[in-house]
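Undergrad: If you scroll down you'll find the structure; I have some questions about it.
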Amino acid sequence: MSRIKAIILDWAGTAVDYGCFAPVDAFMAAFAEFGIYPTMEETRAPMGLQKRAHIAKMLENRRLATVWEAQHGRPHTQADIDKIYSRFEPALFSVLTKYADPLPGVLDAIAAIRAMGIKIGSTTGYTQAMMDVVVPLATEKGYLPDCIVCPDETGGIGRPYPYMLWRNLEKLGIMSINEILKVGDTAADMEEGRNAGCLCVGIIKGSSMLGLTEAELAGKNTMEKAVFFESAKRGYLDAGADYVLDDISALPGLIQSLEEGTDYTYV
């Protein structure tokens, strides 16, 4: 009997949107409207969280909090978080349609995993309204999970809480959390999986953790790539990943090794 009954993938940066750039662009644009210019690293640090929670987490960053206070003459408030979010949503919706392409290797990996009789679920930091835009586009390009759960379905509570992942189990008819692999591209994905109690897999290529476009990655020499990959790998492991794969194309092989009980080192 198969040990793994389902894999639960993140959306942007794992299955679609190479590098997870749609939310990055929108967060930066939203903050800029308030005279705050976060770095790429500051913007990506909370990636994977529900989007309002992401903004709140960014404003907990010491530099951004200091800049906000200097710019506005007071510490930020919950109302300020709401205002930034009100700018973030339209900024994101304006670019979402450009970021619905499946990552290289995703369609083949999913086909191989389905051939094993394994179901495909999904959790995301996007709201249902955001997913209503990107899911049909990704479907046209060949990617559609059996189940997608947004924070809307769990009382607005997203990662690192495990509730979206558990809801996938319910909707997919999976009995045990031990029959699940959580696959993602951020620290929050790994934390979600750990909190749920399942094995966690971090994917490097195309991830927010790596934070590079395809062209940027292609332009790196072998030594530079090794440095970037090692940094991403360390980020996943520090967040609780059980396995780290260079590319999602290696995921069927990992699943096969788990099924066979073989000791294959992926990290």
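By convention in this document, the chains of the structure tokens carry letters A, B, ... by their order, each chain's residues are numbered from 1, and ligands are numbered from 1 in the order they are shown.
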Run DSSP on the backbone and give me the residues of region 35-214 of chain A it puts in helix (DSSP H, G or I), as a ChimeraX atom specification.
TA: /A:40-44,51-58,62-72,78-93,96-98,106-115,128-140,151-154,163-172,177-179,187-196,214
Undergrad: Give me the region 59-149 of chain A side of the contact with region 13-32 of chain A, cut-off 9 Å, one line per residue showing its nearest atom pair and distance in Å at one decimal, counting only C-alpha atoms, sorted by chain and residue number, as JSON lines.
TA:
```
{"residue": "A:Ile84", "atom": "CA", "partner": "A:Ala30", "partner_atom": "CA", "distance": 5.8}
{"residue": "A:Tyr85", "atom": "CA", "partner": "A:Ala30", "partner_atom": "CA", "distance": 7.4}
{"residue": "A:Ser86", "atom": "CA", "partner": "A:Ala30", "partner_atom": "CA", "distance": 8.3}
{"residue": "A:Arg87", "atom": "CA", "partner": "A:Ala30", "partner_atom": "CA", "distance": 5.1}
{"residue": "A:Phe88", "atom": "CA", "partner": "A:Ala30", "partner_atom": "CA", "distance": 4.9}
{"residue": "A:Glu89", "atom": "CA", "partner": "A:Ala26", "partner_atom": "CA", "distance": 7.7}
{"residue": "A:Pro90", "atom": "CA", "partner": "A:Ala26", "partner_atom": "CA", "distance": 8.3}
{"residue": "A:Ala91", "atom": "CA", "partner": "A:Ala26", "partner_atom": "CA", "distance": 5.0}
{"residue": "A:Leu92", "atom": "CA", "partner": "A:Ala26", "partner_atom": "CA", "distance": 4.9}
{"residue": "A:Phe93", "atom": "CA", "partner": "A:Ala26", "partner_atom": "CA", "distance": 8.6}
{"residue": "A:Ser94", "atom": "CA", "partner": "A:Ala26", "partner_atom": "CA", "distance": 8.7}
{"residue": "A:Val95", "atom": "CA", "partner": "A:Ala22", "partner_atom": "CA", "distance": 6.4}
{"residue": "A:Leu96", "atom": "CA", "partner": "A:Ala22", "partner_atom": "CA", "distance": 6.2}
{"residue": "A:Lys98", "atom": "CA", "partner": "A:Ala22", "partner_atom": "CA", "distance": 8.0}
{"residue": "A:Tyr99", "atom": "CA", "partner": "A:Asp17", "partner_atom": "CA", "distance": 4.8}
{"residue": "A:Ala100", "atom": "CA", "partner": "A:Val16", "partner_atom": "CA", "distance": 5.7}
{"residue": "A:Asp101", "atom": "CA", "partner": "A:Val16", "partner_atom": "CA", "distance": 5.3}
{"residue": "A:Pro102", "atom": "CA", "partner": "A:Val16", "partner_atom": "CA", "distance": 4.0}
{"residue": "A:Leu103", "atom": "CA", "partner": "A:Val16", "partner_atom": "CA", "distance": 5.1}
{"residue": "A:Pro104", "atom": "CA", "partner": "A:Tyr18", "partner_atom": "CA", "distance": 8.4}
{"residue": "A:Val106", "atom": "CA", "partner": "A:Ala15", "partner_atom": "CA", "distance": 6.2}
{"residue": "A:Leu107", "atom": "CA", "partner": "A:Ala15", "partner_atom": "CA", "distance": 8.8}
{"residue": "A:Ala138", "atom": "CA", "partner": "A:Val16", "partner_atom": "CA", "distance": 7.6}
{"residue": "A:Tyr143", "atom": "CA", "partner": "A:Ala15", "partner_atom": "CA", "distance": 8.1}
```
Undergrad: For the residues in the current selection, export N, CA and C atoms as a PDB file, in the first residue's frame.
TA:
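Writing the result to selection33.pdb gives the following:
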```pdb
ATOM      1  N   ILE A  84      -2.086  49.948   3.731  1.00  0.00           N
ATOM      2  CA  ILE A  84      -1.106  49.373   2.808  1.00  0.00           C
ATOM      3  C   ILE A  84      -1.733  48.205   2.053  1.00  0.00           C
ATOM      4  N   TYR A  85      -2.487  47.379   2.778  1.00  0.00           N
ATOM      5  CA  TYR A  85      -3.138  46.240   2.124  1.00  0.00           C
ATOM      6  C   TYR A  85      -4.129  46.720   1.061  1.00  0.00           C
ATOM      7  N   SER A  86      -4.791  47.829   1.331  1.00  0.00           N
ATOM      8  CA  SER A  86      -5.759  48.351   0.350  1.00  0.00           C
ATOM      9  C   SER A  86      -5.059  48.798  -0.929  1.00  0.00           C
ATOM     10  N   ARG A  87      -3.778  49.127  -0.839  1.00  0.00           N
ATOM     11  CA  ARG A  87      -2.988  49.457  -2.033  1.00  0.00           C
ATOM     12  C   ARG A  87      -2.402  48.191  -2.654  1.00  0.00           C
ATOM     13  N   PHE A  88      -2.095  47.209  -1.800  1.00  0.00           N
ATOM     14  CA  PHE A  88      -1.488  45.970  -2.282  1.00  0.00           C
ATOM     15  C   PHE A  88      -2.432  45.204  -3.202  1.00  0.00           C
ATOM     16  N   GLU A  89      -3.684  45.064  -2.805  1.00  0.00           N
ATOM     17  CA  GLU A  89      -4.613  44.233  -3.582  1.00  0.00           C
ATOM     18  C   GLU A  89      -4.735  44.688  -5.036  1.00  0.00           C
ATOM     19  N   PRO A  90      -5.029  45.972  -5.298  1.00  0.00           N
ATOM     20  CA  PRO A  90      -5.139  46.364  -6.710  1.00  0.00           C
ATOM     21  C   PRO A  90      -3.813  46.236  -7.454  1.00  0.00           C
ATOM     22  N   ALA A  91      -2.694  46.461  -6.741  1.00  0.00           N
ATOM     23  CA  ALA A  91      -1.385  46.307  -7.381  1.00  0.00           C
ATOM     24  C   ALA A  91      -1.175  44.859  -7.807  1.00  0.00           C
ATOM     25  N   LEU A  92      -1.586  43.925  -6.944  1.00  0.00           N
ATOM     26  CA  LEU A  92      -1.434  42.513  -7.277  1.00  0.00           C
ATOM     27  C   LEU A  92      -2.367  42.113  -8.408  1.00  0.00           C
ATOM     28  N   PHE A  93      -3.623  42.519  -8.318  1.00  0.00           N
ATOM     29  CA  PHE A  93      -4.581  42.149  -9.357  1.00  0.00           C
ATOM     30  C   PHE A  93      -4.158  42.684 -10.729  1.00  0.00           C
ATOM     31  N   SER A  94      -3.426  43.795 -10.733  1.00  0.00           N
ATOM     32  CA  SER A  94      -3.007  44.382 -12.001  1.00  0.00           C
ATOM     33  C   SER A  94      -1.930  43.565 -12.704  1.00  0.00           C
ATOM     34  N   VAL A  95      -1.246  42.677 -11.964  1.00  0.00           N
ATOM     35  CA  VAL A  95      -0.158  41.906 -12.569  1.00  0.00           C
ATOM     36  C   VAL A  95      -0.391  40.391 -12.545  1.00  0.00           C
ATOM     37  N   LEU A  96      -1.425  39.931 -11.842  1.00  0.00           N
ATOM     38  CA  LEU A  96      -1.610  38.496 -11.645  1.00  0.00           C
ATOM     39  C   LEU A  96      -1.648  37.703 -12.943  1.00  0.00           C
ATOM     40  N   LYS A  98      -0.089  37.990 -15.529  1.00  0.00           N
ATOM     41  CA  LYS A  98       1.234  37.810 -16.132  1.00  0.00           C
ATOM     42  C   LYS A  98       2.029  36.699 -15.447  1.00  0.00           C
ATOM     43  N   TYR A  99       1.514  36.199 -14.325  1.00  0.00           N
ATOM     44  CA  TYR A  99       2.289  35.266 -13.513  1.00  0.00           C
ATOM     45  C   TYR A  99       1.505  33.973 -13.234  1.00  0.00           C
ATOM     46  N   ALA A 100       0.981  33.375 -14.280  1.00  0.00           N
ATOM     47  CA  ALA A 100       0.192  32.151 -14.111  1.00  0.00           C
ATOM     48  C   ALA A 100       0.807  30.950 -14.820  1.00  0.00           C
ATOM     49  N   ASP A 101       2.017  31.109 -15.367  1.00  0.00           N
ATOM     50  CA  ASP A 101       2.651  29.995 -16.070  1.00  0.00           C
ATOM     51  C   ASP A 101       3.214  28.975 -15.086  1.00  0.00           C
ATOM     52  N   PRO A 102       2.949  27.674 -15.303  1.00  0.00           N
ATOM     53  CA  PRO A 102       3.585  26.652 -14.476  1.00  0.00           C
ATOM     54  C   PRO A 102       5.103  26.713 -14.608  1.00  0.00           C
ATOM     55  N   LEU A 103       5.805  26.403 -13.535  1.00  0.00           N
ATOM     56  CA  LEU A 103       7.261  26.378 -13.561  1.00  0.00           C
ATOM     57  C   LEU A 103       7.755  25.237 -14.447  1.00  0.00           C
ATOM     58  N   PRO A 104       8.929  25.378 -15.018  1.00  0.00           N
ATOM     59  CA  PRO A 104       9.493  24.279 -15.815  1.00  0.00           C
ATOM     60  C   PRO A 104       9.559  22.993 -14.993  1.00  0.00           C
ATOM     61  N   VAL A 106       7.093  21.247 -13.811  1.00  0.00           N
ATOM     62  CA  VAL A 106       5.936  21.007 -12.937  1.00  0.00           C
ATOM     63  C   VAL A 106       4.945  20.043 -13.573  1.00  0.00           C
ATOM     64  N   LEU A 107       4.589  20.278 -14.822  1.00  0.00           N
ATOM     65  CA  LEU A 107       3.560  19.447 -15.453  1.00  0.00           C
ATOM     66  C   LEU A 107       4.011  17.993 -15.557  1.00  0.00           C
ATOM     67  N   ALA A 138      -3.832  29.079 -15.175  1.00  0.00           N
ATOM     68  CA  ALA A 138      -2.933  27.941 -14.980  1.00  0.00           C
ATOM     69  C   ALA A 138      -3.560  26.662 -15.527  1.00  0.00           C
ATOM     70  N   TYR A 143      -2.084  23.040 -15.551  1.00  0.00           N
ATOM     71  CA  TYR A 143      -1.904  22.772 -14.119  1.00  0.00           C
ATOM     72  C   TYR A 143      -3.190  23.054 -13.348  1.00  0.00           C
TER      73      TYR A 143
END
```
Undergrad: So which residues touch Val133 (chain A) within 8 Å, counting only C-alpha atoms, skipping near sequence neighbours fewer than 3 positions away, as a PyMOL selection string?
TA: chain A and resi 96-97+129-130+136-137
Undergrad: Generate the output file for the selected residues, N, CA and C atoms, as a PDB file, in the first residue's frame.
TA:
```
ATOM      1  N   LEU A  96      -1.425  39.931 -11.842  1.00  0.00           N
ATOM      2  CA  LEU A  96      -1.610  38.496 -11.645  1.00  0.00           C
ATOM      3  C   LEU A  96      -1.648  37.703 -12.943  1.00  0.00           C
ATOM      4  N   THR A  97      -2.300  38.237 -13.953  1.00  0.00           N
ATOM      5  CA  THR A  97      -2.454  37.485 -15.194  1.00  0.00           C
ATOM      6  C   THR A  97      -1.116  37.233 -15.888  1.00  0.00           C
ATOM      7  N   ALA A 129     -10.355  35.417  -4.179  1.00  0.00           N
ATOM      8  CA  ALA A 129     -10.533  36.312  -5.322  1.00  0.00           C
ATOM      9  C   ALA A 129      -9.285  36.335  -6.206  1.00  0.00           C
ATOM     10  N   MET A 130      -8.108  36.272  -5.590  1.00  0.00           N
ATOM     11  CA  MET A 130      -6.861  36.226  -6.348  1.00  0.00           C
ATOM     12  C   MET A 130      -6.745  34.915  -7.111  1.00  0.00           C
ATOM     13  N   PRO A 136      -7.866  29.680 -13.462  1.00  0.00           N
ATOM     14  CA  PRO A 136      -8.275  29.366 -14.838  1.00  0.00           C
ATOM     15  C   PRO A 136      -7.121  29.490 -15.842  1.00  0.00           C
ATOM     16  N   LEU A 137      -6.240  30.470 -15.616  1.00  0.00           N
ATOM     17  CA  LEU A 137      -5.114  30.654 -16.530  1.00  0.00           C
ATOM     18  C   LEU A 137      -4.126  29.495 -16.416  1.00  0.00           C
TER      19      LEU A 137
END
```
Undergrad: So which residues touch region 228-236 of chain A within 10 Å, counting only C-alpha atoms, skipping near sequence neighbours fewer than 2 positions away, as a count of residues only?
TA: 36
Undergrad: Residues within 10 Å of Ile113 (chain A), please, as JSON, numbers by chain. Count only C-alpha atoms; anything in the same chain fewer than 2 positions from it doesn't count.
TA: {"A": [6, 7, 107, 108, 109, 110, 111, 115, 116, 117, 118, 119, 120, 251, 252, 253, 255, 256]}
Undergrad: Deliver the residues from the most recent selection as a file, using N, CA and C atoms, as a PDB file, in the first residue's frame.
TA:
```pdb
ATOM      1  N   ALA A   6      -1.026  11.894  -0.850  1.00  0.00           N
ATOM      2  CA  ALA A   6      -1.213  13.212  -1.477  1.00  0.00           C
ATOM      3  C   ALA A   6       0.011  14.082  -1.248  1.00  0.00           C
ATOM      4  N   ILE A   7       0.266  14.966  -2.192  1.00  0.00           N
ATOM      5  CA  ILE A   7       1.235  16.034  -1.977  1.00  0.00           C
ATOM      6  C   ILE A   7       0.462  17.348  -1.974  1.00  0.00           C
ATOM      7  N   LEU A 107       4.589  20.278 -14.822  1.00  0.00           N
ATOM      8  CA  LEU A 107       3.560  19.447 -15.453  1.00  0.00           C
ATOM      9  C   LEU A 107       4.011  17.993 -15.557  1.00  0.00           C
ATOM     10  N   ASP A 108       5.268  17.773 -15.921  1.00  0.00           N
ATOM     11  CA  ASP A 108       5.775  16.406 -16.019  1.00  0.00           C
ATOM     12  C   ASP A 108       5.835  15.744 -14.642  1.00  0.00           C
ATOM     13  N   ALA A 109       6.278  16.509 -13.630  1.00  0.00           N
ATOM     14  CA  ALA A 109       6.363  15.954 -12.275  1.00  0.00           C
ATOM     15  C   ALA A 109       4.979  15.581 -11.753  1.00  0.00           C
ATOM     16  N   ILE A 110       4.005  16.458 -11.985  1.00  0.00           N
ATOM     17  CA  ILE A 110       2.644  16.184 -11.512  1.00  0.00           C
ATOM     18  C   ILE A 110       2.065  14.975 -12.231  1.00  0.00           C
ATOM     19  N   ALA A 111       2.318  14.866 -13.528  1.00  0.00           N
ATOM     20  CA  ALA A 111       1.817  13.718 -14.284  1.00  0.00           C
ATOM     21  C   ALA A 111       2.408  12.415 -13.734  1.00  0.00           C
ATOM     22  N   ALA A 115       0.379   9.421 -11.760  1.00  0.00           N
ATOM     23  CA  ALA A 115       0.469   8.049 -12.253  1.00  0.00           C
ATOM     24  C   ALA A 115       0.749   7.064 -11.109  1.00  0.00           C
ATOM     25  N   MET A 116       1.264   7.564  -9.996  1.00  0.00           N
ATOM     26  CA  MET A 116       1.478   6.733  -8.822  1.00  0.00           C
ATOM     27  C   MET A 116       0.206   6.585  -7.988  1.00  0.00           C
ATOM     28  N   GLY A 117      -0.874   7.234  -8.430  1.00  0.00           N
ATOM     29  CA  GLY A 117      -2.124   7.193  -7.682  1.00  0.00           C
ATOM     30  C   GLY A 117      -2.179   8.186  -6.543  1.00  0.00           C
ATOM     31  N   ILE A 118      -1.333   9.209  -6.620  1.00  0.00           N
ATOM     32  CA  ILE A 118      -1.217  10.212  -5.549  1.00  0.00           C
ATOM     33  C   ILE A 118      -2.000  11.464  -5.926  1.00  0.00           C
ATOM     34  N   LYS A 119      -2.756  11.998  -4.982  1.00  0.00           N
ATOM     35  CA  LYS A 119      -3.561  13.196  -5.213  1.00  0.00           C
ATOM     36  C   LYS A 119      -2.720  14.460  -5.048  1.00  0.00           C
ATOM     37  N   ILE A 120      -3.216  15.542  -5.662  1.00  0.00           N
ATOM     38  CA  ILE A 120      -2.504  16.827  -5.639  1.00  0.00           C
ATOM     39  C   ILE A 120      -3.374  17.867  -4.955  1.00  0.00           C
ATOM     40  N   LEU A 251      11.015  15.470  -7.582  1.00  0.00           N
ATOM     41  CA  LEU A 251      10.007  15.100  -6.591  1.00  0.00           C
ATOM     42  C   LEU A 251       9.461  13.674  -6.785  1.00  0.00           C
ATOM     43  N   PRO A 252       9.148  13.237  -8.006  1.00  0.00           N
ATOM     44  CA  PRO A 252       8.686  11.850  -8.148  1.00  0.00           C
ATOM     45  C   PRO A 252       9.720  10.838  -7.635  1.00  0.00           C
ATOM     46  N   GLY A 253      11.003  11.103  -7.871  1.00  0.00           N
ATOM     47  CA  GLY A 253      12.043  10.208  -7.390  1.00  0.00           C
ATOM     48  C   GLY A 253      12.104  10.154  -5.877  1.00  0.00           C
ATOM     49  N   ILE A 255       9.552  10.698  -3.860  1.00  0.00           N
ATOM     50  CA  ILE A 255       8.371   9.948  -3.434  1.00  0.00           C
ATOM     51  C   ILE A 255       8.613   8.446  -3.602  1.00  0.00           C
ATOM     52  N   GLN A 256       9.223   8.071  -4.732  1.00  0.00           N
ATOM     53  CA  GLN A 256       9.496   6.656  -4.970  1.00  0.00           C
ATOM     54  C   GLN A 256      10.432   6.093  -3.900  1.00  0.00           C
TER      55      GLN A 256
END
```
